[in-house]
Structures are given as C-alpha cells and as structure tokens.
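As stored in protein_11.cif (mmCIF, C-alpha atoms):
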data_my_file
#
loop_
_atom_site.label_atom_id
_atom_site.label_comp_id
_atom_site.auth_asym_id
_atom_site.auth_seq_id
_atom_site.Cartn_x
_atom_site.Cartn_y
_atom_site.Cartn_z
CA MET A 1 87.55 121.80 58.28
CA VAL A 2 89.53 118.82 59.62
CA ASN A 3 92.69 119.53 61.61
CA THR A 4 95.58 117.12 62.07
CA LEU A 5 96.52 115.82 65.52
CA GLY A 6 100.02 114.43 65.95
CA VAL A 7 99.82 111.20 67.97
CA ALA A 8 102.40 108.84 69.44
CA VAL A 9 102.27 105.41 71.05
CA VAL A 10 104.46 104.37 74.00
CA GLY A 11 104.75 100.59 74.34
CA PHE A 12 104.07 98.48 71.27
CA GLY A 13 102.84 95.16 72.51
CA TRP A 14 99.38 93.95 71.57
CA MET A 15 97.60 96.93 73.12
CA GLY A 16 99.88 99.39 71.36
CA ARG A 17 98.83 97.80 68.06
CA VAL A 18 95.16 98.04 69.04
CA HIS A 19 95.50 101.77 69.78
CA THR A 20 97.36 102.37 66.53
CA GLN A 21 94.74 100.56 64.49
CA ALA A 22 92.00 102.51 66.25
CA TYR A 23 93.64 105.79 65.25
CA SER A 24 93.87 104.60 61.65
CA ARG A 25 90.21 103.55 61.55
CA LEU A 26 88.78 106.71 63.11
CA PRO A 27 88.28 108.67 59.85
CA HIS A 28 86.36 105.74 58.35
CA HIS A 29 83.91 105.27 61.22
CA PHE A 30 83.68 108.85 62.52
CA PRO A 31 84.38 111.16 59.58
CA GLU A 32 82.61 114.04 61.33
CA LEU A 33 85.41 114.39 63.90
CA GLY A 34 87.20 117.70 63.66
CA LEU A 35 90.57 116.05 64.26
CA ARG A 36 92.40 113.46 62.19
CA PRO A 37 95.25 111.50 63.84
CA GLU A 38 98.69 111.53 62.25
CA LEU A 39 101.06 108.77 63.43
CA VAL A 40 104.16 110.73 64.42
CA ALA A 41 106.18 108.48 66.72
CA VAL A 42 106.30 105.10 68.44
CA ALA A 43 108.57 104.11 71.33
CA ASP A 44 109.41 100.70 72.74
CA GLU A 45 112.50 99.57 74.63
CA VAL A 46 112.50 96.08 73.07
CA PRO A 47 115.07 96.14 70.21
CA GLY A 48 113.47 96.26 66.79
CA ARG A 49 109.86 96.52 67.99
CA ALA A 50 109.42 100.25 67.33
CA GLU A 51 111.07 99.94 63.93
CA GLU A 52 108.71 97.13 62.96
CA ALA A 53 105.75 99.24 64.12
CA ALA A 54 106.92 102.12 61.95
CA ARG A 55 107.26 99.87 58.92
CA ARG A 56 103.84 98.28 59.37
CA TYR A 57 101.79 101.30 60.36
CA GLY A 58 103.62 104.33 59.01
CA PHE A 59 104.90 106.14 62.11
CA ALA A 60 107.32 108.87 61.10
CA SER A 61 109.76 108.08 63.94
CA ALA A 62 110.74 104.88 65.77
CA LEU A 63 112.34 105.34 69.18
CA ARG A 64 113.70 103.33 72.11
CA ASP A 65 113.23 106.08 74.74
CA TRP A 66 109.72 107.42 75.40
CA ARG A 67 111.23 110.64 76.79
CA GLU A 68 111.99 111.72 73.23
CA ILE A 69 108.23 111.71 72.59
CA ALA A 70 107.63 114.00 75.57
CA ALA A 71 110.10 116.46 74.03
CA ASP A 72 108.76 116.20 70.47
CA PRO A 73 106.76 119.32 69.44
CA ARG A 74 105.08 117.36 66.63
CA VAL A 75 103.25 115.20 69.18
CA ASP A 76 99.98 116.53 70.57
CA ALA A 77 98.57 113.34 72.11
CA VAL A 78 100.05 110.08 73.38
CA SER A 79 98.74 106.55 73.88
CA ILE A 80 100.36 104.98 76.94
CA THR A 81 100.23 101.21 76.53
CA ALA A 82 103.41 100.32 78.41
CA PRO A 83 103.38 97.97 81.43
CA ASN A 84 101.45 99.12 84.51
CA PHE A 85 104.46 100.09 86.62
CA LEU A 86 105.42 102.72 84.03
CA HIS A 87 102.00 104.37 83.82
CA ARG A 88 102.58 106.95 86.54
CA GLU A 89 106.01 108.09 85.36
CA ILE A 90 105.05 108.28 81.69
CA GLY A 91 101.58 109.70 82.32
CA VAL A 92 102.84 112.51 84.53
CA ALA A 93 105.71 113.33 82.16
CA MET A 94 103.48 113.47 79.10
CA ALA A 95 100.88 115.62 80.85
CA GLU A 96 103.57 118.02 82.11
CA ALA A 97 104.86 118.22 78.54
CA GLY A 98 101.39 119.35 77.43
CA LYS A 99 100.41 116.11 75.71
CA HIS A 100 96.86 114.77 75.93
CA ILE A 101 96.94 111.17 77.13
CA TRP A 102 95.01 108.02 76.29
CA ILE A 103 96.22 105.63 78.94
CA GLU A 104 95.42 102.02 79.62
CA LYS A 105 93.94 100.98 82.94
CA PRO A 106 94.69 100.64 85.81
CA VAL A 107 96.79 103.86 85.44
CA GLY A 108 99.59 102.73 87.72
CA LEU A 109 99.80 100.31 90.60
CA THR A 110 97.82 102.19 93.26
CA ALA A 111 95.19 104.87 93.72
CA GLU A 112 97.97 107.35 94.49
CA ASP A 113 99.54 106.59 91.10
CA ALA A 114 96.24 107.27 89.36
CA ARG A 115 95.76 110.47 91.38
CA ALA A 116 99.24 111.67 90.42
CA VAL A 117 98.47 111.31 86.71
CA ALA A 118 95.07 112.97 87.15
CA ARG A 119 96.64 115.89 89.07
CA ALA A 120 99.30 116.38 86.41
CA ALA A 121 96.72 116.36 83.61
CA ALA A 122 94.48 118.83 85.45
CA ALA A 123 97.40 121.16 86.18
CA ALA A 124 98.52 121.09 82.55
CA GLY A 125 95.00 121.45 81.16
CA VAL A 126 95.26 118.31 79.04
CA HIS A 127 92.65 115.60 78.56
CA GLY A 128 92.98 112.04 79.77
CA THR A 129 90.99 109.08 78.43
CA VAL A 130 91.29 105.67 80.11
CA GLY A 131 91.02 102.19 78.57
CA PHE A 132 87.82 100.96 80.21
CA ASN A 133 86.61 99.66 76.85
CA TYR A 134 83.81 97.32 77.96
CA ARG A 135 81.57 100.26 78.89
CA ASN A 136 81.67 101.17 75.17
CA ALA A 137 79.75 98.07 74.06
CA PRO A 138 76.37 99.19 72.65
CA ALA A 139 74.58 96.57 74.79
CA VAL A 140 76.18 98.04 77.93
CA GLU A 141 75.09 101.51 76.83
CA ALA A 142 71.58 100.18 76.27
CA ALA A 143 71.55 98.55 79.70
CA ARG A 144 72.63 101.81 81.32
CA GLU A 145 69.83 103.72 79.62
CA MET A 146 67.25 101.12 80.65
CA ILE A 147 68.41 101.19 84.27
CA ALA A 148 68.29 104.99 84.34
CA ALA A 149 64.77 104.93 82.86
CA GLY A 150 63.54 102.49 85.52
CA ALA A 151 62.86 99.73 82.99
CA ILE A 152 63.67 96.99 85.53
CA GLY A 153 62.49 98.91 88.58
CA ALA A 154 64.95 99.79 91.34
CA VAL A 155 68.16 97.79 91.05
CA THR A 156 68.51 95.37 93.95
CA HIS A 157 71.63 93.36 93.17
CA VAL A 158 74.24 92.70 90.49
CA ARG A 159 76.82 90.03 89.74
CA ILE A 160 79.83 90.98 87.62
CA ARG A 161 82.27 88.31 86.44
CA LEU A 162 85.61 88.46 84.65
CA PHE A 163 87.04 84.97 84.18
CA SER A 164 89.97 84.19 81.88
CA ASP A 165 92.58 81.48 81.36
CA TYR A 166 95.46 83.61 80.08
CA ALA A 167 97.55 82.76 83.17
CA ALA A 168 96.20 79.25 83.76
CA HIS A 169 99.11 77.32 82.24
CA PRO A 170 101.68 76.44 84.93
CA GLU A 171 104.46 77.06 82.39
CA GLY A 172 103.42 80.68 81.93
CA ALA A 173 106.55 82.85 82.29
CA LEU A 174 107.19 84.85 85.45
CA THR A 175 106.92 88.24 83.73
CA TRP A 176 106.39 91.67 85.30
CA ARG A 177 102.66 90.88 85.55
CA TYR A 178 103.29 88.59 88.52
CA GLU A 179 105.47 90.97 90.55
CA ARG A 180 104.11 93.45 93.10
CA ARG A 181 106.70 96.06 92.19
CA ARG A 182 105.85 96.05 88.49
CA GLY A 183 102.50 94.28 88.15
CA GLY A 184 100.76 95.71 91.20
CA SER A 185 97.77 93.76 92.45
CA GLY A 186 97.64 91.17 89.67
CA VAL A 187 94.14 90.20 88.61
CA LEU A 188 92.71 93.15 90.54
CA GLY A 189 94.35 95.73 88.30
CA ASP A 190 94.11 93.62 85.16
CA LEU A 191 90.48 92.42 85.26
CA ALA A 192 88.71 93.58 88.41
CA SER A 193 89.45 97.19 87.42
CA HIS A 194 87.11 96.68 84.46
CA GLY A 195 84.51 95.16 86.76
CA VAL A 196 84.62 98.15 89.09
CA ASP A 197 84.24 100.52 86.16
CA LEU A 198 81.23 98.59 84.82
CA ALA A 199 79.69 98.57 88.29
CA ARG A 200 80.08 102.32 88.70
CA TYR A 201 79.05 103.11 85.12
CA LEU A 202 75.84 101.11 85.42
CA LEU A 203 74.88 101.50 89.07
CA GLY A 204 76.70 104.49 90.51
CA ASP A 205 79.14 104.88 93.37
CA ILE A 206 80.31 102.00 95.55
CA ALA A 207 80.01 102.83 99.26
CA SER A 208 81.81 99.87 100.84
CA LEU A 209 83.15 96.41 100.09
CA THR A 210 84.72 93.28 101.48
CA ALA A 211 87.02 91.03 99.49
CA ASP A 212 88.94 87.76 99.48
CA THR A 213 91.95 87.04 97.27
CA ALA A 214 94.11 84.02 96.42
CA VAL A 215 97.15 82.87 94.46
CA PHE A 216 96.51 79.49 92.83
CA VAL A 217 99.74 79.15 90.80
CA PRO A 218 102.37 80.10 93.43
CA GLU A 219 105.53 79.68 91.31
CA ARG A 220 106.50 80.29 87.70
CA ALA A 221 109.70 80.01 85.65
CA ARG A 222 111.70 83.13 84.90
CA PRO A 223 111.97 83.86 81.15
CA ALA A 224 115.34 83.74 79.42
CA GLY A 225 114.80 86.93 77.40
CA ALA A 226 112.33 89.63 76.43
CA THR A 227 108.69 88.58 76.50
CA ALA A 228 105.50 89.73 74.82
CA GLY A 229 101.99 88.80 75.82
CA HIS A 230 101.64 85.64 77.88
CA THR A 231 104.81 83.75 76.96
CA ARG A 232 105.58 80.29 78.34
CA ALA A 233 108.91 79.45 79.96
CA VAL A 234 110.20 75.92 80.50
CA GLY A 235 113.22 74.98 82.59
CA GLY A 236 113.94 78.44 83.95
CA GLU A 237 114.61 79.26 87.57
CA LEU A 238 111.38 79.25 89.55
CA GLY A 239 110.26 82.38 91.32
CA PRO A 240 107.27 83.31 93.47
CA VAL A 241 104.04 84.78 92.10
CA GLU A 242 103.64 87.87 94.28
CA ASN A 243 100.19 89.13 93.32
CA ASP A 244 96.72 87.66 93.15
CA ASP A 245 95.25 85.20 90.66
CA TYR A 246 91.72 85.54 92.04
CA VAL A 247 89.45 88.01 93.82
CA SER A 248 85.87 87.83 95.01
CA CYS A 249 84.21 90.90 96.42
CA LEU A 250 80.88 91.88 97.98
CA LEU A 251 79.78 95.41 97.13
CA ARG A 252 77.39 97.85 98.73
CA PHE A 253 76.37 100.71 96.47
CA ALA A 254 75.42 104.21 97.59
CA SER A 255 71.96 103.51 96.12
CA GLY A 256 71.45 100.61 98.53
CA ALA A 257 71.93 97.94 95.88
CA ARG A 258 74.20 94.97 96.59
CA GLY A 259 76.74 93.35 94.32
CA VAL A 260 79.18 90.52 93.79
CA LEU A 261 82.32 91.03 91.71
CA GLU A 262 84.52 88.04 90.89
CA ALA A 263 87.64 87.93 88.71
CA CYS A 264 90.20 85.23 87.96
CA ARG A 265 93.10 84.95 85.50
CA VAL A 266 93.68 81.19 85.94
CA SER A 267 90.18 79.85 85.17
CA VAL A 268 90.74 76.74 83.07
CA GLY A 269 88.01 76.45 80.46
CA GLU A 270 87.14 80.14 80.53
CA GLN A 271 88.14 82.44 77.69
CA ASN A 272 87.17 86.07 78.23
CA ASN A 273 84.03 85.16 80.16
CA TYR A 274 83.14 88.73 81.09
CA GLY A 275 79.65 89.96 81.82
CA PHE A 276 76.97 90.87 84.31
CA GLU A 277 73.51 90.03 85.60
CA ILE A 278 71.58 92.98 87.02
CA HIS A 279 68.36 92.40 88.94
CA GLY A 280 65.72 94.97 89.80
CA THR A 281 62.39 95.01 91.56
CA SER A 282 60.51 94.31 88.33
CA GLY A 283 63.06 92.90 85.86
CA ALA A 284 66.61 91.94 85.01
CA LEU A 285 69.37 92.48 82.42
CA PHE A 286 72.02 89.99 81.28
CA TRP A 287 75.16 90.57 79.19
CA ASP A 288 78.03 88.34 78.07
CA PHE A 289 80.99 89.96 76.30
CA ARG A 290 81.38 86.86 74.12
CA ARG A 291 77.91 87.60 72.69
CA MET A 292 78.57 91.30 72.72
CA GLY A 293 75.61 92.38 70.60
CA GLU A 294 72.98 90.62 72.71
CA LEU A 295 71.26 91.91 75.83
CA GLY A 296 69.05 89.58 77.83
CA VAL A 297 66.00 91.48 79.08
CA SER A 298 63.30 90.48 81.53
CA ARG A 299 60.68 93.13 82.22
CA GLY A 300 56.94 93.37 82.80
CA THR A 301 54.48 92.74 85.60
CA ASP A 302 54.65 88.94 85.95
CA TYR A 303 57.50 88.85 88.48
CA GLN A 304 57.36 85.10 89.07
CA ASP A 305 58.06 83.01 85.94
CA GLN A 306 58.69 86.20 83.96
CA PRO A 307 60.48 85.28 80.70
CA VAL A 308 63.80 86.57 79.42
CA THR A 309 64.03 87.75 75.83
CA THR A 310 67.11 88.52 73.74
CA ARG A 311 67.44 92.04 72.42
CA TYR A 312 69.89 92.40 69.54
CA VAL A 313 71.44 95.86 69.71
CA GLY A 314 71.46 97.99 66.61
CA PRO A 315 71.57 101.57 65.33
CA GLY A 316 70.51 103.86 68.15
CA ASP A 317 72.42 101.89 70.78
CA GLY A 318 75.71 103.55 71.71
CA GLU A 319 77.97 103.97 68.68
CA TYR A 320 76.68 100.87 66.88
CA ALA A 321 75.57 102.79 63.78
CA ALA A 322 79.16 103.84 63.06
CA PHE A 323 80.05 100.18 62.45
CA GLN A 324 76.99 98.27 61.25
CA PRO A 325 73.78 99.21 59.40
CA GLY A 326 71.31 96.88 61.11
CA SER A 327 70.66 94.96 64.30
CA ALA A 328 72.44 91.65 65.02
CA ASN A 329 75.49 92.39 62.85
CA ALA A 330 78.50 91.59 65.00
CA MET A 331 80.96 94.08 66.46
CA GLY A 332 84.30 93.09 68.01
CA TYR A 333 86.77 94.06 70.71
CA ASP A 334 88.81 96.33 68.44
CA ASP A 335 85.66 98.28 67.56
CA LEU A 336 85.30 99.22 71.23
CA LYS A 337 88.77 100.74 71.08
CA VAL A 338 87.78 102.79 68.02
CA VAL A 339 84.88 104.17 70.08
CA GLU A 340 87.35 104.91 72.87
CA ALA A 341 89.65 106.72 70.43
CA ARG A 342 86.67 108.77 69.30
CA HIS A 343 85.96 109.78 72.92
CA PHE A 344 89.61 110.81 73.28
CA LEU A 345 89.73 112.99 70.19
CA ARG A 346 86.28 114.42 70.84
CA SER A 347 87.40 115.50 74.31
CA ILE A 348 90.39 117.27 72.78
CA ALA A 349 88.38 118.87 69.98
CA GLU A 350 85.43 120.04 72.09
CA GLY A 351 87.16 120.71 75.40
CA GLY A 352 84.82 118.51 77.46
CA ALA A 353 85.08 115.06 78.97
CA HIS A 354 83.81 112.14 76.90
CA GLY A 355 84.12 108.48 77.77
CA ALA A 356 86.09 107.08 80.70
CA THR A 357 88.28 109.74 82.33
CA LEU A 358 91.18 109.86 84.74
CA ASP A 359 88.63 110.51 87.51
CA ASP A 360 87.09 107.14 86.64
CA ALA A 361 90.55 105.57 86.86
CA VAL A 362 91.06 107.07 90.32
CA ALA A 363 87.67 105.79 91.50
CA SER A 364 88.45 102.29 90.21
CA ALA A 365 91.90 102.32 91.81
CA VAL A 366 90.42 103.42 95.16
CA ALA A 367 88.13 100.38 95.06
CA LEU A 368 91.04 98.07 94.15
CA ASP A 369 93.14 99.39 97.03
CA ALA A 370 90.15 98.85 99.32
CA MET A 371 89.87 95.24 98.10
CA THR A 372 93.52 94.65 98.99
CA ARG A 373 93.08 96.13 102.48
CA SER A 374 89.89 94.17 103.03
CA ALA A 375 91.50 90.88 102.03
CA GLU A 376 94.44 91.55 104.35
CA ARG A 377 92.26 92.54 107.34
CA GLY A 378 89.21 90.36 106.74
CA THR A 379 86.88 93.34 107.20
CA TRP A 380 84.51 95.60 105.33
CA VAL A 381 86.16 98.77 104.00
CA THR A 382 84.39 102.06 103.37
CA LEU A 383 85.42 103.87 100.19
CA ASP A 384 86.51 107.49 100.54
#
Can you turn what I pasted into structure tokens?
Amino acid sequence: MVNTLGVAVVGFGWMGRVHTQAYSRLPHHFPELGLRPELVAVADEVPGRAEEAARRYGFASALRDWREIAADPRVDAVSITAPNFLHREIGVAMAEAGKHIWIEKPVGLTAEDARAVARAAAAAGVHGTVGFNYRNAPAVEAAREMIAAGAIGAVTHVRIRLFSDYAAHPEGALTWRYERRRGGSGVLGDLASHGVDLARYLLGDIASLTADTAVFVPERARPAGATAGHTRAVGGELGPVENDDYVSCLLRFASGARGVLEACRVSVGEQNNYGFEIHGTSGALFWDFRRMGELGVSRGTDYQDQPVTTRYVGPGDGEYAAFQPGSANAMGYDDLKVVEARHFLRSIAEGGAHGATLDDAVASAVALDAMTRSAERGTWVTLD
C-alpha cells in the first residue's frame, strides 16, 4: 500500500524547482517507496513566484509567508530552499510544528545555527535530510566501498577541489550571498561545505585543520530590485563584498591521513570543476563531477608506473540502476536530488536515518567555523 505525504517547498528559486521536480520523479524511479509526495503548498516572498510555481507544478496553495506552511495540517514534510540566513528560523519552526525537513546546506550561517535545527528536529521527533548531493553520485558510492574494502590500501592523502565561475564576473550583483549577515562565510558555506561532507563521507572524521581565505572581487554593484540566481548589476551603488571568494585548507584526519581542500567561486575558466583524488598505500581513486559516471582507478602491486584505468559505473553502484539499465549511460545533477529525495522519504517511512543528516550538517558547519577561525588566527584548529 502506498500512502500520501503532503509536501511543501519554501523558497522557489532554482533549488526550489529542483526539489519539486525530484518529488515529482520519485514514483517513476523508486516505485517501491511506501510514500508518494503530494505537492500541497509553495511559499516565496517574491511577488508572483509562488503563483507561477503552482501553475507549473501543481501545488494546491501558493503563499507569500512560509509561516502559513508551518500551520498547515495538510503538510507533513517541507523542503527548505530559501537563502542561508533563513535556514535556522525556518528549520526550527518547521521542526517544532512537527514537519519533517529536507533542508539545503549549509543549514544556517554557523555551526550553532545547524545545531539549533538539529536540536529542534530531535526534540520533535522529525527527520532531517540535508542537501549534500555529491555524495549520492554512484561513482562516489563506489569509491567509498573500495576505500572501506582496502582496495587502494590505507589512505594516505586526498585532494578535494570545488572551483566555479558563478561569481567571477565583476558585474555580478551584490546580493545576500556576499553579505556576512545573510550569506555567512561565502564560498565556505556554498562550496567548501560540500567538500567537507565528501571528505568525511569517504575518509571519516577530520581531527584538525588550518586554512587561508581571500576576497578577490572586493566590491559589487547593488541590484535595483529582486534578484534570482547570479544576476548582474550595472551602474548601481558599489558596496563591499563581506565574505570569502576563496579558501584553501590543510586537513588532518582522525585516521592519520592528510588532505587538501580548495574552493573558489571566482575561478575564471572553471565551470563546476568539483572532484577528488584519493591516494593510498597501494592505489588511487579519481573523480570529476563533470564526468560523473567515471571513476579513475589505480590498484595492484606495481606501485611505481602503475596505470590508471577508467571504471564506468553501472547497476550495482549506488542508486544507478534506478535511472539507467547499463554502465556508461549518463546521469545528471538533478538525478542526485531524486536520490536525496528518496533518502528523505525512506527515513520518514522506515523511521531510520538514510542519506546525509542534520548531524552531518553540524559536522560540516563545525569544520567551516574552524576554517574561519584558522584563517583569522593563522593557526591550526582542532575540531571538537
């Protein structure tokens, strides 16, 4: 028997659309789920945006105030895809209202914000899934299994990169993303949070770190009106960019492995260049998000001059079989969000934790706060 789950979306920019489409696709890719999402309500403060979402996707209600969703008995679960500075307030309110939450990273601006949402969810007995979608790539799942099985020996060091050009244009508008009060730590929360999650998911806990940060585009023009995505602004009053464009970080893992994490939002010539290289005592693994279905593998007993082969992921790797019938058929970014939606609904249906949780969000946020302190002090910081 399939039961209906009333869902709502708060914030209908690009990520709100991605969540909505993931809900709609769930029955097609994972028909065995015991819950089927029903699009009950969408809320966005930008005039006309919620109404357009309702027309396009079939939400029963279109609202300006997200608080109406918290009070709506038809809603059992909520996607929180509003800007970062609203995550804590909305996340806590929805949890206290008894709504399960699927919330985008970094779950607030600080580790304390993430802890507040996690505490509220635990107290209310609701589930929280977090948008660390890159761990859902079948190649990443395959890499994790190989590392755990000792396929490349003991891991010695890793390099994780997240380079993008979405903020590279000097005419990019001074939106909330570039303010400390609303955008938090900038590229740390936006991209490095994913890097921390990948590091922990693949290699375990981070024991300590040291970081350096920089702002490369120090001023931007204020937009004249409401913005969506990465809007450009020309001729507006210039204001300061308050948070970081770039971070580089050295990591020491509890296992003894070492790591380098680097993220930048103003990398000209780089479009979503996300990936990792993981080296062990007898092999290595390589992954590039832009070639999501390929995993570079070096293993054997040659050590020196040992070749690297390309493994095309396929059925049996992660949730690949729910999307494609045979190896080397491409999956895309939105598919990873469908997997994430499945983890969310499975957690609700079965009562256990599946996928990235609010505890993972707290752990990532603790590392991001440590990066900020390290950059300010110029010292190594031990993670609590």
How close does region 194-235 of chain A get to region 357-364 of chain A? List, as a Markdown table, each residue of region 194-235 of chain A within 12 Å, its nearest atom pair and the distance in Å to one decimal, counting only C-alpha atoms.
| residue | atom | partner | partner_atom | distance |
| --- | --- | --- | --- | --- |
| A:His194 | CA | A:Ser364 | CA | 8.1 |
| A:Gly195 | CA | A:Ser364 | CA | 8.8 |
| A:Val196 | CA | A:Ser364 | CA | 5.8 |
| A:Asp197 | CA | A:Ser364 | CA | 6.1 |
| A:Leu198 | CA | A:Ser364 | CA | 9.7 |
| A:Ala199 | CA | A:Ser364 | CA | 9.7 |
| A:Arg200 | CA | A:Ser364 | CA | 8.5 |
| A:Tyr201 | CA | A:Asp360 | CA | 9.1 |
| A:Gly204 | CA | A:Ala363 | CA | 11.1 |
| A:Asp205 | CA | A:Ala363 | CA | 8.8 |
| A:Ile206 | CA | A:Ala363 | CA | 9.2 |
| A:Ala207 | CA | A:Ala363 | CA | 11.3 |
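Of the residues listed (A:His354, A:Arg67, A:His157, A:Arg377), A:His354 shows the shortest atom-to-atom separation from Val130 (chain A); distances use all atoms listed in the file.
For the set A:Met15, A:Ala211, A:Val7, A:Leu191, the residue with the smallest atom-to-atom gap to Ala375 (chain A) is A:Ala211, counting all atoms listed in the file.
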Measuring atom to atom with only C-alpha atoms, identify which of A:Ala322, A:Ser267, A:Glu340, A:Gly125 is nearest to Glu32 (chain A). A:Ala322
The distance between CA of Ser255 (chain A) and CA of Val155 (chain A) is 8.5 Å
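Residue nearest Ala284 (chain A), chosen from A:Phe253, A:Phe30, A:Tyr303, A:Tyr57 and counting all atoms listed in the file: A:Tyr303.
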Hits from the PyMOL selection byres ((chain A and resi 216) around 9), listed as a PyMOL selection string: chain A and resi 214-215+217-218+244-246+266
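With all atoms listed in the file as the atoms that count, the residue of A:Leu203, A:Ala233, A:Leu238, A:Val308 with the shortest distance to Ala154 (chain A) is A:Leu203.
The shortest atom-to-atom distance to Phe276 (chain A), with only C-alpha atoms taken into account, belongs to A:Arg161 out of A:Arg291, A:Arg119, A:Arg232, A:Arg161.
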Tell me, as a PyMOL selection string, which residues lie within 8 Å of Val297 (chain A), counting all atoms listed in the file; anything in the same chain fewer than 6 positions away does not count. chain A and resi 283-286+308-311
Need the shell around Gln21 (chain A): protein/DNA/RNA residues with any atom at most 10 Å away, counting only C-alpha atoms. Skip same-chain ones fewer than 5 positions apart. Format as a ChimeraX atom specification? /A:15-16,26,57,334-335,337-338,341
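With CA of Gly256 (chain A) on one side and CA of Ala111 (chain A) on the other, the separation reads 24.6 Å.
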